[in-house]
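Engineer: One file: work-v1.pdb (PDB, C-alpha atoms, pLDDT in the B column).
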ATOM      1  CA  ARG A   1      14.905 -17.349  65.492  1.00 72.00           C
ATOM      2  CA  ILE A   2      18.461 -18.118  64.386  1.00 69.00           C
ATOM      3  CA  GLU A   3      18.524 -20.597  61.510  1.00 78.00           C
ATOM      4  CA  SER A   4      21.322 -22.706  60.043  1.00 76.00           C
ATOM      5  CA  ARG A   5      20.990 -23.376  56.330  1.00 78.00           C
ATOM      6  CA  ALA A   6      23.027 -24.674  53.430  1.00 79.00           C
ATOM      7  CA  GLU A   7      23.045 -22.416  50.365  1.00 85.00           C
ATOM      8  CA  ILE A   8      24.096 -24.117  47.107  1.00 90.00           C
ATOM      9  CA  PHE A   9      23.748 -22.154  43.878  1.00 92.00           C
ATOM     10  CA  TRP A  10      25.472 -21.250  40.622  1.00 96.00           C
ATOM     11  CA  ASP A  11      27.640 -18.168  41.121  1.00 94.00           C
ATOM     12  CA  ASP A  12      28.199 -16.208  37.905  1.00 94.00           C
ATOM     13  CA  ARG A  13      31.165 -14.372  39.436  1.00 93.00           C
ATOM     14  CA  ILE A  14      33.235 -17.518  39.904  1.00 93.00           C
ATOM     15  CA  GLN A  15      31.642 -19.445  37.013  1.00 95.00           C
ATOM     16  CA  GLY A  16      30.962 -22.285  39.367  1.00 95.00           C
ATOM     17  CA  VAL A  17      28.897 -23.632  42.236  1.00 94.00           C
ATOM     18  CA  SER A  18      28.970 -21.758  45.521  1.00 92.00           C
ATOM     19  CA  ALA A  19      28.248 -23.935  48.570  1.00 90.00           C
ATOM     20  CA  ARG A  20      27.967 -22.056  51.882  1.00 85.00           C
ATOM     21  CA  GLN A  21      26.874 -22.920  55.418  1.00 81.00           C
ATOM     22  CA  GLN A  22      25.123 -19.892  56.898  1.00 76.00           C
ATOM     23  CA  ARG A  23      23.646 -18.938  60.253  1.00 80.00           C
ATOM     24  CA  CYS A  24      20.984 -16.328  59.764  1.00 76.00           C
ATOM     25  CA  LEU A  25      18.650 -14.183  61.797  1.00 74.00           C
ATOM     26  CA  GLY A  26      15.900 -13.514  59.315  1.00 72.00           C
ATOM     27  CA  ALA A  27      17.572 -11.833  56.351  1.00 76.00           C
ATOM     28  CA  LEU A  28      20.689 -11.033  58.386  1.00 71.00           C
ATOM     29  CA  VAL A  29      23.610 -13.424  57.808  1.00 72.00           C
ATOM     30  CA  LEU A  30      25.472 -13.871  61.095  1.00 71.00           C
ATOM     31  CA  LYS A  31      28.008 -16.424  59.875  1.00 77.00           C
ATOM     32  CA  ASP A  32      29.000 -17.588  56.427  1.00 81.00           C
ATOM     33  CA  ASP A  33      31.439 -20.492  55.950  1.00 78.00           C
ATOM     34  CA  PRO A  34      32.249 -22.894  53.123  1.00 81.00           C
ATOM     35  CA  LEU A  35      30.036 -25.960  53.192  1.00 85.00           C
ATOM     36  CA  ALA A  36      32.285 -28.961  53.769  1.00 79.00           C
ATOM     37  CA  THR A  37      30.123 -31.715  52.279  1.00 85.00           C
ATOM     38  CA  PRO A  38      27.465 -30.266  49.963  1.00 90.00           C
ATOM     39  CA  ASP A  39      24.710 -32.569  48.761  1.00 91.00           C
ATOM     40  CA  PRO A  40      25.820 -33.922  45.331  1.00 93.00           C
ATOM     41  CA  GLU A  41      22.340 -33.721  43.823  1.00 94.00           C
ATOM     42  CA  ARG A  42      21.940 -30.086  44.841  1.00 93.00           C
ATOM     43  CA  VAL A  43      25.375 -29.342  43.395  1.00 95.00           C
ATOM     44  CA  GLY A  44      24.340 -30.979  40.122  1.00 96.00           C
ATOM     45  CA  ARG A  45      21.135 -28.970  40.038  1.00 96.00           C
ATOM     46  CA  ALA A  46      23.149 -25.801  40.613  1.00 96.00           C
ATOM     47  CA  VAL A  47      25.365 -26.717  37.630  1.00 97.00           C
ATOM     48  CA  ILE A  48      22.227 -27.174  35.554  1.00 97.00           C
ATOM     49  CA  GLN A  49      21.101 -23.735  36.702  1.00 95.00           C
ATOM     50  CA  GLY A  50      24.368 -22.351  35.366  1.00 96.00           C
ATOM     51  CA  ILE A  51      24.080 -24.169  32.029  1.00 97.00           C
ATOM     52  CA  ARG A  52      20.591 -22.779  31.556  1.00 96.00           C
ATOM     53  CA  LYS A  53      21.956 -19.288  32.101  1.00 94.00           C
ATOM     54  CA  MET A  54      24.914 -19.741  29.752  1.00 95.00           C
ATOM     55  CA  GLY A  55      23.207 -21.819  27.066  1.00 95.00           C
ATOM     56  CA  LEU A  56      23.477 -25.390  25.821  1.00 96.00           C
ATOM     57  CA  ASP A  57      26.483 -24.506  23.654  1.00 95.00           C
ATOM     58  CA  ARG A  58      28.636 -24.441  26.796  1.00 96.00           C
ATOM     59  CA  LEU A  59      28.437 -28.225  26.899  1.00 97.00           C
ATOM     60  CA  PRO A  60      31.297 -30.074  25.125  1.00 97.00           C
ATOM     61  CA  TRP A  61      29.522 -30.662  21.820  1.00 97.00           C
ATOM     62  CA  THR A  62      31.407 -32.293  18.963  1.00 97.00           C
ATOM     63  CA  VAL A  63      30.519 -32.463  15.273  1.00 96.00           C
ATOM     64  CA  PRO A  64      29.493 -36.156  15.573  1.00 97.00           C
ATOM     65  CA  LEU A  65      27.229 -35.336  18.540  1.00 98.00           C
ATOM     66  CA  ARG A  66      25.530 -32.497  16.684  1.00 97.00           C
ATOM     67  CA  ASN A  67      25.077 -34.873  13.768  1.00 97.00           C
ATOM     68  CA  TRP A  68      23.545 -37.436  16.149  1.00 98.00           C
ATOM     69  CA  GLN A  69      21.117 -34.796  17.382  1.00 98.00           C
ATOM     70  CA  GLU A  70      20.067 -33.863  13.836  1.00 97.00           C
ATOM     71  CA  ARG A  71      19.690 -37.527  12.837  1.00 97.00           C
ATOM     72  CA  VAL A  72      17.260 -38.132  15.680  1.00 96.00           C
ATOM     73  CA  LEU A  73      15.331 -34.945  14.923  1.00 96.00           C
ATOM     74  CA  LEU A  74      15.076 -35.878  11.246  1.00 96.00           C
ATOM     75  CA  LEU A  75      13.570 -39.281  12.028  1.00 95.00           C
ATOM     76  CA  ALA A  76      11.262 -37.783  14.649  1.00 93.00           C
ATOM     77  CA  GLY A  77       9.978 -35.450  11.955  1.00 91.00           C
ATOM     78  CA  ILE A  78       9.077 -38.208   9.498  1.00 90.00           C
ATOM     79  CA  GLU A  79       7.974 -40.879  11.995  1.00 82.00           C
ATOM     80  CA  ALA A  80       5.549 -39.136  14.319  1.00 72.00           C
ATOM     81  CA  ASP A  81       4.729 -42.390  16.129  1.00 76.00           C
ATOM     82  CA  GLY A  82       8.196 -43.867  15.918  1.00 71.00           C
ATOM     83  CA  GLY A  83       9.103 -43.323  19.552  1.00 83.00           C
ATOM     84  CA  TRP A  84      11.807 -40.769  18.810  1.00 92.00           C
ATOM     85  CA  PRO A  85      12.427 -38.272  21.642  1.00 93.00           C
ATOM     86  CA  ASP A  86      12.564 -34.528  21.148  1.00 94.00           C
ATOM     87  CA  VAL A  87      16.289 -33.734  21.307  1.00 96.00           C
ATOM     88  CA  SER A  88      16.054 -30.134  20.137  1.00 96.00           C
ATOM     89  CA  ASP A  89      18.112 -27.625  22.098  1.00 97.00           C
ATOM     90  CA  ALA A  90      14.959 -26.271  23.739  1.00 96.00           C
ATOM     91  CA  ALA A  91      13.815 -29.720  24.874  1.00 97.00           C
ATOM     92  CA  LEU A  92      17.285 -30.681  26.097  1.00 97.00           C
ATOM     93  CA  LEU A  93      17.533 -27.501  28.150  1.00 97.00           C
ATOM     94  CA  GLU A  94      14.118 -28.051  29.681  1.00 96.00           C
ATOM     95  CA  GLY A  95      14.724 -31.680  30.607  1.00 96.00           C
ATOM     96  CA  MET A  96      18.315 -31.572  31.854  1.00 97.00           C
ATOM     97  CA  GLU A  97      17.390 -32.887  35.303  1.00 96.00           C
ATOM     98  CA  ALA A  98      16.305 -36.162  33.679  1.00 96.00           C
ATOM     99  CA  TRP A  99      19.100 -36.826  31.170  1.00 97.00           C
ATOM    100  CA  LEU A 100      22.101 -34.758  32.293  1.00 97.00           C
ATOM    101  CA  LEU A 101      22.002 -34.698  36.094  1.00 97.00           C
ATOM    102  CA  PRO A 102      23.249 -38.316  36.533  1.00 96.00           C
ATOM    103  CA  TYR A 103      26.408 -37.442  34.556  1.00 97.00           C
ATOM    104  CA  LEU A 104      27.407 -34.310  36.497  1.00 96.00           C
ATOM    105  CA  ALA A 105      29.086 -36.045  39.444  1.00 93.00           C
ATOM    106  CA  GLY A 106      32.246 -34.194  40.452  1.00 92.00           C
ATOM    107  CA  ILE A 107      31.589 -31.198  38.196  1.00 95.00           C
ATOM    108  CA  THR A 108      31.269 -27.872  39.984  1.00 95.00           C
ATOM    109  CA  ARG A 109      32.819 -25.309  37.598  1.00 95.00           C
ATOM    110  CA  LEU A 110      32.420 -24.168  34.018  1.00 95.00           C
ATOM    111  CA  ASP A 111      35.940 -25.275  33.047  1.00 94.00           C
ATOM    112  CA  GLN A 112      35.174 -28.808  34.260  1.00 96.00           C
ATOM    113  CA  LEU A 113      32.348 -29.267  31.757  1.00 96.00           C
ATOM    114  CA  ARG A 114      34.913 -30.227  29.119  1.00 95.00           C
ATOM    115  CA  ARG A 115      35.349 -33.590  30.856  1.00 94.00           C
ATOM    116  CA  LEU A 116      31.621 -34.321  30.817  1.00 96.00           C
ATOM    117  CA  ASP A 117      30.702 -37.502  28.923  1.00 97.00           C
ATOM    118  CA  LEU A 118      28.069 -35.720  26.875  1.00 98.00           C
ATOM    119  CA  GLY A 119      27.746 -38.569  24.395  1.00 97.00           C
ATOM    120  CA  SER A 120      26.700 -41.095  27.024  1.00 97.00           C
ATOM    121  CA  ALA A 121      24.248 -38.610  28.520  1.00 97.00           C
ATOM    122  CA  LEU A 122      22.599 -37.963  25.142  1.00 97.00           C
ATOM    123  CA  PHE A 123      22.592 -41.602  24.089  1.00 96.00           C
ATOM    124  CA  SER A 124      20.726 -42.473  27.284  1.00 95.00           C
ATOM    125  CA  LEU A 125      17.694 -40.782  25.738  1.00 95.00           C
ATOM    126  CA  LEU A 126      17.342 -43.600  23.201  1.00 93.00           C
ATOM    127  CA  PRO A 127      16.510 -47.199  24.150  1.00 89.00           C
ATOM    128  CA  PRO A 128      18.723 -49.850  22.471  1.00 87.00           C
ATOM    129  CA  GLU A 129      16.164 -50.690  19.780  1.00 86.00           C
ATOM    130  CA  ARG A 130      15.943 -47.020  18.795  1.00 91.00           C
ATOM    131  CA  MET A 131      19.742 -46.782  18.614  1.00 91.00           C
ATOM    132  CA  ALA A 132      19.777 -49.702  16.171  1.00 92.00           C
ATOM    133  CA  ALA A 133      17.014 -48.100  14.107  1.00 93.00           C
ATOM    134  CA  LEU A 134      18.949 -44.824  14.069  1.00 95.00           C
ATOM    135  CA  GLU A 135      22.002 -46.513  12.565  1.00 95.00           C
ATOM    136  CA  ARG A 136      19.848 -48.245   9.967  1.00 95.00           C
ATOM    137  CA  LEU A 137      17.603 -45.343   8.940  1.00 96.00           C
ATOM    138  CA  ALA A 138      19.967 -42.383   9.362  1.00 97.00           C
ATOM    139  CA  PRO A 139      23.491 -43.806   9.006  1.00 97.00           C
ATOM    140  CA  THR A 140      26.602 -41.764   9.671  1.00 97.00           C
ATOM    141  CA  HIS A 141      28.221 -42.895   6.385  1.00 97.00           C
ATOM    142  CA  LEU A 142      27.192 -44.172   2.966  1.00 97.00           C
ATOM    143  CA  GLN A 143      29.230 -46.430   0.724  1.00 96.00           C
ATOM    144  CA  VAL A 144      29.670 -45.069  -2.808  1.00 97.00           C
ATOM    145  CA  PRO A 145      30.495 -47.059  -5.992  1.00 96.00           C
ATOM    146  CA  SER A 146      34.254 -46.586  -5.524  1.00 95.00           C
ATOM    147  CA  GLY A 147      34.028 -48.486  -2.239  1.00 95.00           C
ATOM    148  CA  SER A 148      34.663 -45.449  -0.051  1.00 96.00           C
ATOM    149  CA  ARG A 149      32.525 -44.928   3.043  1.00 96.00           C
ATOM    150  CA  VAL A 150      31.710 -41.216   2.999  1.00 97.00           C
ATOM    151  CA  ARG A 151      30.429 -39.308   6.014  1.00 97.00           C
ATOM    152  CA  LEU A 152      26.979 -37.724   5.869  1.00 98.00           C
ATOM    153  CA  ASP A 153      26.518 -34.232   7.272  1.00 98.00           C
ATOM    154  CA  TYR A 154      23.083 -33.796   8.852  1.00 97.00           C
ATOM    155  CA  THR A 155      23.664 -30.257  10.114  1.00 95.00           C
ATOM    156  CA  GLN A 156      23.282 -28.377   6.819  1.00 92.00           C
ATOM    157  CA  GLY A 157      19.521 -28.491   6.318  1.00 86.00           C
ATOM    158  CA  LYS A 158      16.486 -30.747   6.131  1.00 87.00           C
ATOM    159  CA  ALA A 159      18.345 -33.431   4.174  1.00 93.00           C
ATOM    160  CA  PRO A 160      21.839 -34.778   4.873  1.00 97.00           C
ATOM    161  CA  VAL A 161      24.711 -33.756   2.615  1.00 97.00           C
ATOM    162  CA  LEU A 162      27.103 -36.246   1.046  1.00 98.00           C
ATOM    163  CA  ALA A 163      30.268 -34.477  -0.110  1.00 97.00           C
ATOM    164  CA  VAL A 164      32.043 -36.869  -2.487  1.00 97.00           C
ATOM    165  CA  ARG A 165      34.390 -36.737  -5.451  1.00 97.00           C
ATOM    166  CA  LEU A 166      32.426 -36.884  -8.688  1.00 96.00           C
ATOM    167  CA  GLN A 167      34.636 -39.700 -10.009  1.00 96.00           C
ATOM    168  CA  GLU A 168      33.654 -41.957  -7.108  1.00 96.00           C
ATOM    169  CA  LEU A 169      30.028 -41.959  -8.302  1.00 97.00           C
ATOM    170  CA  PHE A 170      30.621 -43.200 -11.841  1.00 97.00           C
ATOM    171  CA  GLY A 171      28.123 -46.003 -12.422  1.00 95.00           C
ATOM    172  CA  GLN A 172      25.659 -44.735  -9.769  1.00 95.00           C
ATOM    173  CA  ARG A 173      22.298 -44.403 -11.478  1.00 92.00           C
ATOM    174  CA  GLU A 174      20.098 -43.159  -8.643  1.00 94.00           C
ATOM    175  CA  THR A 175      20.479 -40.567  -5.930  1.00 96.00           C
ATOM    176  CA  PRO A 176      21.359 -42.266  -2.620  1.00 96.00           C
ATOM    177  CA  THR A 177      18.622 -42.158  -0.001  1.00 96.00           C
ATOM    178  CA  ILE A 178      18.164 -42.644   3.726  1.00 96.00           C
ATOM    179  CA  ALA A 179      15.181 -43.344   6.009  1.00 94.00           C
ATOM    180  CA  GLY A 180      14.113 -46.399   4.037  1.00 92.00           C
ATOM    181  CA  GLY A 181      14.209 -44.509   0.733  1.00 94.00           C
ATOM    182  CA  LYS A 182      12.098 -41.596   1.953  1.00 93.00           C
ATOM    183  CA  ILE A 183      14.790 -38.904   1.860  1.00 95.00           C
ATOM    184  CA  PRO A 184      17.265 -38.403  -1.007  1.00 96.00           C
ATOM    185  CA  VAL A 185      20.579 -37.017   0.158  1.00 97.00           C
ATOM    186  CA  VAL A 186      22.010 -33.772  -1.164  1.00 97.00           C
ATOM    187  CA  LEU A 187      25.066 -34.598  -3.277  1.00 97.00           C
ATOM    188  CA  ASN A 188      27.883 -32.096  -3.041  1.00 97.00           C
ATOM    189  CA  LEU A 189      29.958 -33.272  -6.001  1.00 97.00           C
ATOM    190  CA  LEU A 190      33.642 -32.467  -5.682  1.00 97.00           C
ATOM    191  CA  SER A 191      36.613 -32.159  -8.007  1.00 96.00           C
ATOM    192  CA  PRO A 192      39.727 -34.312  -7.489  1.00 95.00           C
ATOM    193  CA  ALA A 193      41.028 -31.432  -5.347  1.00 94.00           C
ATOM    194  CA  MET A 194      37.885 -31.670  -3.145  1.00 94.00           C
ATOM    195  CA  ARG A 195      36.477 -28.387  -4.480  1.00 95.00           C
ATOM    196  CA  PRO A 196      32.699 -28.093  -5.059  1.00 95.00           C
ATOM    197  CA  VAL A 197      31.634 -28.730  -8.642  1.00 95.00           C
ATOM    198  CA  GLN A 198      27.868 -29.216  -8.435  1.00 96.00           C
ATOM    199  CA  VAL A 199      25.135 -29.633  -5.819  1.00 96.00           C
ATOM    200  CA  THR A 200      22.187 -31.826  -6.715  1.00 96.00           C
ATOM    201  CA  ARG A 201      19.427 -34.011  -5.298  1.00 94.00           C
ATOM    202  CA  ASP A 202      18.783 -35.580  -8.700  1.00 95.00           C
ATOM    203  CA  LEU A 203      21.807 -37.548  -9.859  1.00 96.00           C
ATOM    204  CA  VAL A 204      20.075 -38.913 -12.971  1.00 94.00           C
ATOM    205  CA  SER A 205      19.290 -35.388 -14.155  1.00 95.00           C
ATOM    206  CA  PHE A 206      22.874 -34.316 -13.486  1.00 96.00           C
ATOM    207  CA  TRP A 207      24.315 -37.143 -15.593  1.00 96.00           C
ATOM    208  CA  ARG A 208      21.910 -36.371 -18.432  1.00 94.00           C
ATOM    209  CA  SER A 209      21.929 -32.581 -18.547  1.00 93.00           C
ATOM    210  CA  THR A 210      24.905 -31.117 -16.703  1.00 95.00           C
ATOM    211  CA  TYR A 211      27.721 -33.646 -16.654  1.00 96.00           C
ATOM    212  CA  ALA A 212      28.867 -32.937 -20.229  1.00 96.00           C
ATOM    213  CA  GLU A 213      29.625 -29.290 -19.413  1.00 95.00           C
ATOM    214  CA  VAL A 214      31.236 -30.176 -16.099  1.00 96.00           C
ATOM    215  CA  ARG A 215      33.358 -32.787 -17.898  1.00 95.00           C
ATOM    216  CA  LYS A 216      34.733 -30.198 -20.322  1.00 95.00           C
ATOM    217  CA  GLU A 217      35.901 -27.993 -17.462  1.00 94.00           C
ATOM    218  CA  LEU A 218      37.333 -30.813 -15.361  1.00 95.00           C
ATOM    219  CA  ARG A 219      39.221 -32.364 -18.283  1.00 93.00           C
ATOM    220  CA  GLY A 220      41.053 -29.074 -18.712  1.00 93.00           C
ATOM    221  CA  ARG A 221      41.811 -28.598 -15.035  1.00 94.00           C
ATOM    222  CA  TYR A 222      42.639 -32.225 -14.226  1.00 93.00           C
ATOM    223  CA  PRO A 223      43.986 -33.794 -17.453  1.00 92.00           C
ATOM    224  CA  LYS A 224      45.537 -36.780 -15.666  1.00 91.00           C
ATOM    225  CA  HIS A 225      42.168 -37.951 -14.418  1.00 92.00           C
ATOM    226  CA  PHE A 226      39.594 -40.123 -16.124  1.00 91.00           C
ATOM    227  CA  TRP A 227      36.570 -38.231 -17.463  1.00 94.00           C
ATOM    228  CA  PRO A 228      34.423 -40.630 -19.531  1.00 94.00           C
ATOM    229  CA  GLU A 229      31.739 -39.543 -21.948  1.00 94.00           C
ATOM    230  CA  ASP A 230      29.284 -42.004 -20.410  1.00 95.00           C
ATOM    231  CA  PRO A 231      29.633 -41.857 -16.605  1.00 95.00           C
ATOM    232  CA  LEU A 232      26.990 -44.541 -16.078  1.00 94.00           C
ATOM    233  CA  GLU A 233      29.035 -47.185 -17.874  1.00 94.00           C
ATOM    234  CA  ALA A 234      32.438 -46.141 -16.519  1.00 94.00           C
ATOM    235  CA  PRO A 235      34.097 -47.696 -13.462  1.00 94.00           C
ATOM    236  CA  PRO A 236      34.358 -45.424 -10.412  1.00 95.00           C
ATOM    237  CA  THR A 237      37.795 -44.283  -9.328  1.00 92.00           C
ATOM    238  CA  ARG A 238      39.300 -42.594  -6.276  1.00 82.00           C
ATOM    239  CA  GLY A 239      42.385 -41.029  -7.818  1.00 72.00           C
ATOM    240  CA  VAL A 240      44.441 -40.435 -10.930  1.00 70.00           C
ATOM    241  CA  LYS A 241      43.752 -42.873 -13.710  1.00 62.00           C
ATOM    242  CA  LYS A 242      44.902 -42.913 -17.324  1.00 51.00           C
ATOM    243  CA  ARG A 243      42.304 -41.026 -19.341  1.00 47.00           C
ATOM    244  CA  ARG A 244      40.403 -43.353 -21.629  1.00 48.00           C
ATOM    245  CA  VAL A 245      38.451 -40.819 -23.634  1.00 43.00           C
TER     246      VAL A 245
END
Give the structure from the file, written as structure tokens.
Structural biologist:
Amino acid sequence: RIESRAEIFWDDRIQGVSARQQRCLGALVLKDDPLATPDPERVGRAVIQGIRKMGLDRLPWTVPLRNWQERVLLLAGIEADGGWPDVSDAALLEGMEAWLLPYLAGITRLDQLRRLDLGSALFSLLPPERMAALERLAPTHLQVPSGSRVRLDYTQGKAPVLAVRLQELFGQRETPTIAGGKIPVVLNLLSPAMRPVQVTRDLVSFWRSTYAEVRKELRGRYPKHFWPEDPLEAPPTRGVKKRRV
């Protein structure tokens, strides 16, 4: 009636995996010692148990990884049959045994999660052809008329946000788009000091109806910069330029 069993589980008290070798008589524990060589897969599953308790935010997310997640979700939402996986937090939590378990080798405590290669684990969810399509349809950056490559922020809503100095868009006639032209980006137009000036999804309308008023204000605040009357015919600029008008 005496049994020997290995107990491996996530222990909230130590914020880590507890691995014990026990000899038991029914519910009575007769001997309880550290388990010398716990099964790595069971240890990984215990870590997953802990992550589920604590929440997905305890993984070492970065801004680029959250952007990657939102890029995939955006394309999954507009291409129902495009082969895009569900990478929502709920789906990632539910399926951790499939995508995260292989990357948990050697991790037994909460403070060790910071060394987890979360990017590789997430990227494993996409086959190579989907990764290429992701870069093409939902790029991380867009090139603006000034030549700058400006980062897109996919975490702010249903459409990505491009925060760019207004002067760098002189000559741009249409709102930039992604997903093969299906989704116009949200333009967060900035002053030379990188302060918000206007938010729009219709650049043509901004040039025609709002730019003149914005120009008056910016000419007063930034007199050393170039503020043309006709922004569609003016060359884009990144910095201070002798005012022509």
Engineer: With the cut-off set at 10 Å and counting all atoms listed in the file, tabulate each residue of range 133-218 of chain A with an atom at most that distance from an atom of range 77-99 of chain A, showing the nearest atom pair and its distance in Å to one decimal, ordered by chain and increasing number, as CSV.
Structural biologist:
residue,atom,partner,partner_atom,distance
A:Ala133,CA,A:Gly82,CA,9.9
A:Leu134,CA,A:Trp84,CA,9.5
A:Lys158,CA,A:Gly77,CA,9.9
A:Ala179,CA,A:Ile78,CA,8.7
A:Lys182,CA,A:Ile78,CA,8.8
A:Ile183,CA,A:Ile78,CA,9.6
Engineer: Can you write out the residues you just picked, keeping C-alpha atoms, as a PDB file, in the frame of the given file?
Structural biologist:
ATOM      1  CA  ALA A 133      17.014 -48.100  14.107  1.00 93.00           C
ATOM      2  CA  LEU A 134      18.949 -44.824  14.069  1.00 95.00           C
ATOM      3  CA  LYS A 158      16.486 -30.747   6.131  1.00 87.00           C
ATOM      4  CA  ALA A 179      15.181 -43.344   6.009  1.00 94.00           C
ATOM      5  CA  LYS A 182      12.098 -41.596   1.953  1.00 93.00           C
ATOM      6  CA  ILE A 183      14.790 -38.904   1.860  1.00 95.00           C
TER       7      ILE A 183
END
Engineer: To one decimal in Å, tell me the separation between CA of Pro145 in chain A and CA of Pro223 in chain A.
Structural biologist: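 Interatomic distance, CA of Pro145 in chain A to CA of Pro223 in chain A: 22.1 Å.
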Engineer: When you look at Leu25 in chain A with a cut-off of 8 Å (counting all atoms listed in the file), what residues show up, excluding the ones that are within fewer than 4 positions of it in the same chain? I need them as a PyMOL selection string.
Structural biologist: chain A and resi 1-3+29-30
Engineer: Using only C-alpha atoms, which of A:Ser120, A:Ser205, A:Gln21, A:Asn188 sits nearest Thr37 in chain A?
Structural biologist: A:Gln21
Engineer: Check the smallest atom-to-atom distance from each of A:Pro231, A:Pro192, A:Pro236, A:Gly50 to Phe206 in chain A using all atoms listed in the file, then report the winner.
Structural biologist: A:Pro231
